[in-house]
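Participant: Provided herewith is a single structure, encoded as structure tokens, for subsequent inquiry.
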Amino acid sequence: MKRQREPIRVEAFVTVNGEEVNIDTLSKEKRSEIGAVLKVTYLNALFRGKAVFHIEEYPKP
């Protein structure tokens, strides 16, 4: 018989303007921006020396 275990609780924090902030408290747009930066960082590490990825910044209307 398996014993009941408490679920694992995970919180993610990022540094914004020098202060640690819980990702769950950020807006959906800001979380998407952070996700894009993480993805580009991962791709650049994965393809180092073969390709360079970056995020195009469009002017805000």
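Residue numbering restarts at 1 for every chain of the structure tokens, chains are lettered A, B, ... in their displayed order, and ligands are numbered from 1 as they appear.
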Using only C-alpha atoms, which residues sit within 12 Å of A:Val14 once same-chain residues fewer than 2 positions away are excluded, as a short mmCIF file (atom, residue, chain, number, x, y, z; two decimals) with all heavy atoms, in the first residue's frame?

Facilitator:
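Listing of part.cif after writing:
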```
data_model
loop_
_atom_site.label_atom_id
_atom_site.label_comp_id
_atom_site.auth_asym_id
_atom_site.auth_seq_id
_atom_site.Cartn_x
_atom_site.Cartn_y
_atom_site.Cartn_z
N GLU A 11 7.25 27.22 -7.06
CA GLU A 11 7.06 28.63 -7.41
C GLU A 11 8.26 29.06 -8.24
O GLU A 11 9.39 28.68 -7.94
CB GLU A 11 6.96 29.49 -6.16
CG GLU A 11 5.69 29.27 -5.38
CD GLU A 11 5.57 30.21 -4.19
OE1 GLU A 11 6.53 30.92 -3.87
OE2 GLU A 11 4.50 30.20 -3.57
N ALA A 12 8.02 29.85 -9.27
CA ALA A 12 9.09 30.35 -10.12
C ALA A 12 9.23 31.85 -9.91
O ALA A 12 8.24 32.57 -9.85
CB ALA A 12 8.79 30.04 -11.58
N VAL A 16 13.19 41.26 -11.81
CA VAL A 16 12.66 42.39 -12.57
C VAL A 16 13.10 43.66 -11.86
O VAL A 16 12.76 43.87 -10.69
CB VAL A 16 11.13 42.35 -12.68
CG1 VAL A 16 10.60 43.54 -13.43
CG2 VAL A 16 10.66 41.05 -13.32
N ASN A 17 13.88 44.49 -12.55
CA ASN A 17 14.40 45.73 -11.97
C ASN A 17 15.12 45.48 -10.64
O ASN A 17 14.94 46.21 -9.67
CB ASN A 17 13.30 46.77 -11.78
CG ASN A 17 12.67 47.17 -13.10
OD1 ASN A 17 13.34 47.23 -14.12
ND2 ASN A 17 11.38 47.43 -13.08
N GLY A 18 15.91 44.40 -10.59
CA GLY A 18 16.69 44.10 -9.40
C GLY A 18 15.91 43.48 -8.26
O GLY A 18 16.45 43.29 -7.17
N GLU A 19 14.66 43.13 -8.47
CA GLU A 19 13.82 42.57 -7.41
C GLU A 19 13.24 41.24 -7.88
O GLU A 19 12.78 41.11 -9.01
CB GLU A 19 12.68 43.55 -7.11
CG GLU A 19 11.82 43.16 -5.96
CD GLU A 19 10.74 44.21 -5.68
OE1 GLU A 19 11.00 45.40 -5.90
OE2 GLU A 19 9.66 43.81 -5.26
N GLU A 20 13.26 40.22 -7.00
CA GLU A 20 12.68 38.93 -7.36
C GLU A 20 11.16 39.02 -7.30
O GLU A 20 10.60 39.49 -6.33
CB GLU A 20 13.18 37.84 -6.43
CG GLU A 20 14.58 37.38 -6.74
CD GLU A 20 14.93 36.07 -6.04
OE1 GLU A 20 14.11 35.54 -5.28
OE2 GLU A 20 16.05 35.62 -6.28
N VAL A 21 10.52 38.54 -8.40
CA VAL A 21 9.07 38.60 -8.51
C VAL A 21 8.55 37.22 -8.88
O VAL A 21 9.12 36.53 -9.74
CB VAL A 21 8.67 39.62 -9.62
CG1 VAL A 21 7.17 39.68 -9.78
CG2 VAL A 21 9.24 40.99 -9.33
N ASN A 22 7.47 36.81 -8.23
CA ASN A 22 6.82 35.53 -8.55
C ASN A 22 6.19 35.65 -9.93
O ASN A 22 5.43 36.58 -10.21
CB ASN A 22 5.77 35.21 -7.50
CG ASN A 22 5.19 33.83 -7.66
OD1 ASN A 22 5.08 33.29 -8.75
ND2 ASN A 22 4.80 33.25 -6.54
N ILE A 23 6.46 34.69 -10.81
CA ILE A 23 5.95 34.74 -12.18
C ILE A 23 4.42 34.74 -12.19
O ILE A 23 3.80 35.37 -13.05
CB ILE A 23 6.52 33.58 -13.01
CG1 ILE A 23 7.97 33.88 -13.34
CG2 ILE A 23 5.71 33.35 -14.27
CD1 ILE A 23 8.63 32.87 -14.23
N ASP A 24 3.81 34.04 -11.26
CA ASP A 24 2.34 33.97 -11.22
C ASP A 24 1.68 35.32 -11.01
O ASP A 24 0.51 35.50 -11.32
CB ASP A 24 1.88 33.00 -10.14
CG ASP A 24 2.27 31.56 -10.45
OD1 ASP A 24 2.44 31.24 -11.65
OD2 ASP A 24 2.39 30.76 -9.51
N THR A 25 2.42 36.30 -10.47
CA THR A 25 1.85 37.61 -10.20
C THR A 25 1.96 38.55 -11.41
O THR A 25 1.40 39.64 -11.38
CB THR A 25 2.52 38.28 -8.99
OG1 THR A 25 3.91 38.50 -9.29
CG2 THR A 25 2.39 37.42 -7.75
N LEU A 26 2.69 38.13 -12.44
CA LEU A 26 2.88 38.98 -13.62
C LEU A 26 1.72 38.84 -14.60
O LEU A 26 1.01 37.83 -14.61
CB LEU A 26 4.19 38.61 -14.31
CG LEU A 26 5.46 38.80 -13.50
CD1 LEU A 26 6.65 38.25 -14.26
CD2 LEU A 26 5.67 40.25 -13.14
N LYS A 30 3.59 39.86 -19.93
CA LYS A 30 4.94 39.84 -19.37
C LYS A 30 5.46 38.40 -19.28
O LYS A 30 6.62 38.13 -19.56
CB LYS A 30 4.95 40.51 -17.99
CG LYS A 30 6.32 40.81 -17.49
CD LYS A 30 6.99 41.86 -18.34
CE LYS A 30 8.31 42.27 -17.74
NZ LYS A 30 9.09 43.10 -18.63
N ARG A 31 4.59 37.45 -18.91
CA ARG A 31 4.99 36.04 -18.85
C ARG A 31 5.36 35.54 -20.24
O ARG A 31 6.32 34.78 -20.41
CB ARG A 31 3.88 35.18 -18.25
CG ARG A 31 3.72 35.37 -16.77
CD ARG A 31 2.85 34.30 -16.14
NE ARG A 31 1.59 34.09 -16.80
CZ ARG A 31 0.41 34.55 -16.39
NH1 ARG A 31 0.34 35.24 -15.28
NH2 ARG A 31 -0.69 34.31 -17.06
N GLU A 33 6.59 37.39 -22.67
CA GLU A 33 7.90 37.99 -22.98
C GLU A 33 9.03 37.18 -22.33
O GLU A 33 10.04 36.90 -22.97
CB GLU A 33 7.97 39.43 -22.47
CG GLU A 33 7.15 40.41 -23.25
CD GLU A 33 7.19 41.81 -22.65
OE1 GLU A 33 8.18 42.13 -21.95
OE2 GLU A 33 6.24 42.57 -22.86
N ILE A 34 8.84 36.80 -21.08
CA ILE A 34 9.85 36.02 -20.36
C ILE A 34 10.03 34.66 -21.04
O ILE A 34 11.16 34.19 -21.22
CB ILE A 34 9.48 35.87 -18.88
CG1 ILE A 34 9.58 37.23 -18.19
CG2 ILE A 34 10.34 34.83 -18.18
CD1 ILE A 34 8.97 37.29 -16.82
N GLY A 35 8.93 34.05 -21.43
CA GLY A 35 9.00 32.76 -22.13
C GLY A 35 9.76 32.87 -23.44
O GLY A 35 10.56 31.99 -23.78
N VAL A 37 12.12 35.06 -24.20
CA VAL A 37 13.55 35.24 -23.89
C VAL A 37 14.18 33.90 -23.50
O VAL A 37 15.29 33.58 -23.95
CB VAL A 37 13.74 36.28 -22.77
CG1 VAL A 37 15.17 36.31 -22.28
CG2 VAL A 37 13.32 37.66 -23.26
N LEU A 38 13.50 33.11 -22.69
CA LEU A 38 14.03 31.81 -22.30
C LEU A 38 14.18 30.89 -23.51
O LEU A 38 15.17 30.17 -23.64
CB LEU A 38 13.12 31.16 -21.25
CG LEU A 38 13.13 31.79 -19.87
CD1 LEU A 38 12.05 31.17 -18.99
CD2 LEU A 38 14.49 31.65 -19.22
#
```

Participant: Please provide the set of residues having any atom within 8 Å of A:Ile55, restricted to only C-alpha atoms, with same-chain residues fewer than 2 positions apart removed, written as a ChimeraX atom specification.

Facilitator: /A:36-37,40,53,57

Participant: Could you please determine the separation between atom CA of A:Lys60 and atom CA of A:Lys39 in Å, to one decimal place?

Facilitator: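 Computing the Euclidean distance for atom CA of A:Lys60 and atom CA of A:Lys39 yields 22.3 Å.
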
Participant: Could you pull out the strand (DSSP E or B) residues of chain A, going by DSSP on the backbone, and write them as a list of chain:residue names?

Facilitator: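 Strand (DSSP E or B) assignments inside chain A correspond to A:Phe13, A:Val14, A:Thr15, A:Val16, A:Glu19, A:Glu20, A:Val21, A:Asn22.
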
Participant: Output N, CA and C atoms of each residue in that selection to a file, as a PDB file, in the first residue's frame.

Facilitator:
```
ATOM      1  N   PHE A  13      10.465  32.305  -9.816  1.00  0.00           N
ATOM      2  CA  PHE A  13      10.751  33.719  -9.621  1.00  0.00           C
ATOM      3  C   PHE A  13      11.690  34.205 -10.718  1.00  0.00           C
ATOM      4  N   VAL A  14      11.525  35.457 -11.114  1.00  0.00           N
ATOM      5  CA  VAL A  14      12.426  36.119 -12.052  1.00  0.00           C
ATOM      6  C   VAL A  14      12.845  37.444 -11.435  1.00  0.00           C
ATOM      7  N   THR A  15      13.974  37.947 -11.890  1.00  0.00           N
ATOM      8  CA  THR A  15      14.452  39.239 -11.399  1.00  0.00           C
ATOM      9  C   THR A  15      13.967  40.334 -12.334  1.00  0.00           C
ATOM     10  N   VAL A  16      13.195  41.262 -11.806  1.00  0.00           N
ATOM     11  CA  VAL A  16      12.664  42.391 -12.570  1.00  0.00           C
ATOM     12  C   VAL A  16      13.102  43.663 -11.856  1.00  0.00           C
ATOM     13  N   GLU A  19      14.658  43.127  -8.475  1.00  0.00           N
ATOM     14  CA  GLU A  19      13.822  42.565  -7.412  1.00  0.00           C
ATOM     15  C   GLU A  19      13.238  41.241  -7.880  1.00  0.00           C
ATOM     16  N   GLU A  20      13.260  40.217  -7.002  1.00  0.00           N
ATOM     17  CA  GLU A  20      12.680  38.933  -7.361  1.00  0.00           C
ATOM     18  C   GLU A  20      11.161  39.016  -7.304  1.00  0.00           C
ATOM     19  N   VAL A  21      10.521  38.542  -8.395  1.00  0.00           N
ATOM     20  CA  VAL A  21       9.067  38.604  -8.512  1.00  0.00           C
ATOM     21  C   VAL A  21       8.551  37.219  -8.876  1.00  0.00           C
ATOM     22  N   ASN A  22       7.467  36.807  -8.231  1.00  0.00           N
ATOM     23  CA  ASN A  22       6.823  35.529  -8.552  1.00  0.00           C
ATOM     24  C   ASN A  22       6.188  35.647  -9.933  1.00  0.00           C
TER      25      ASN A  22
END
```

Participant: Calculate how many Å separate atom CA of A:Phe47 from atom CA of A:Glu29, rounding to one decimal.

Facilitator: 27.0 Å

Participant: Give the alpha helix (DSSP H) residues of chain A, as assigned by DSSP on the backbone, as a ChimeraX atom specification.

Facilitator: /A:28-46

Participant: Could you pull the residues within 10 Å of stretch 50-52 of chain A, counting only C-alpha atoms, minus those fewer than 4 positions along the same chain, as a PyMOL selection string?

Facilitator: chain A and resi 40-41+43-46
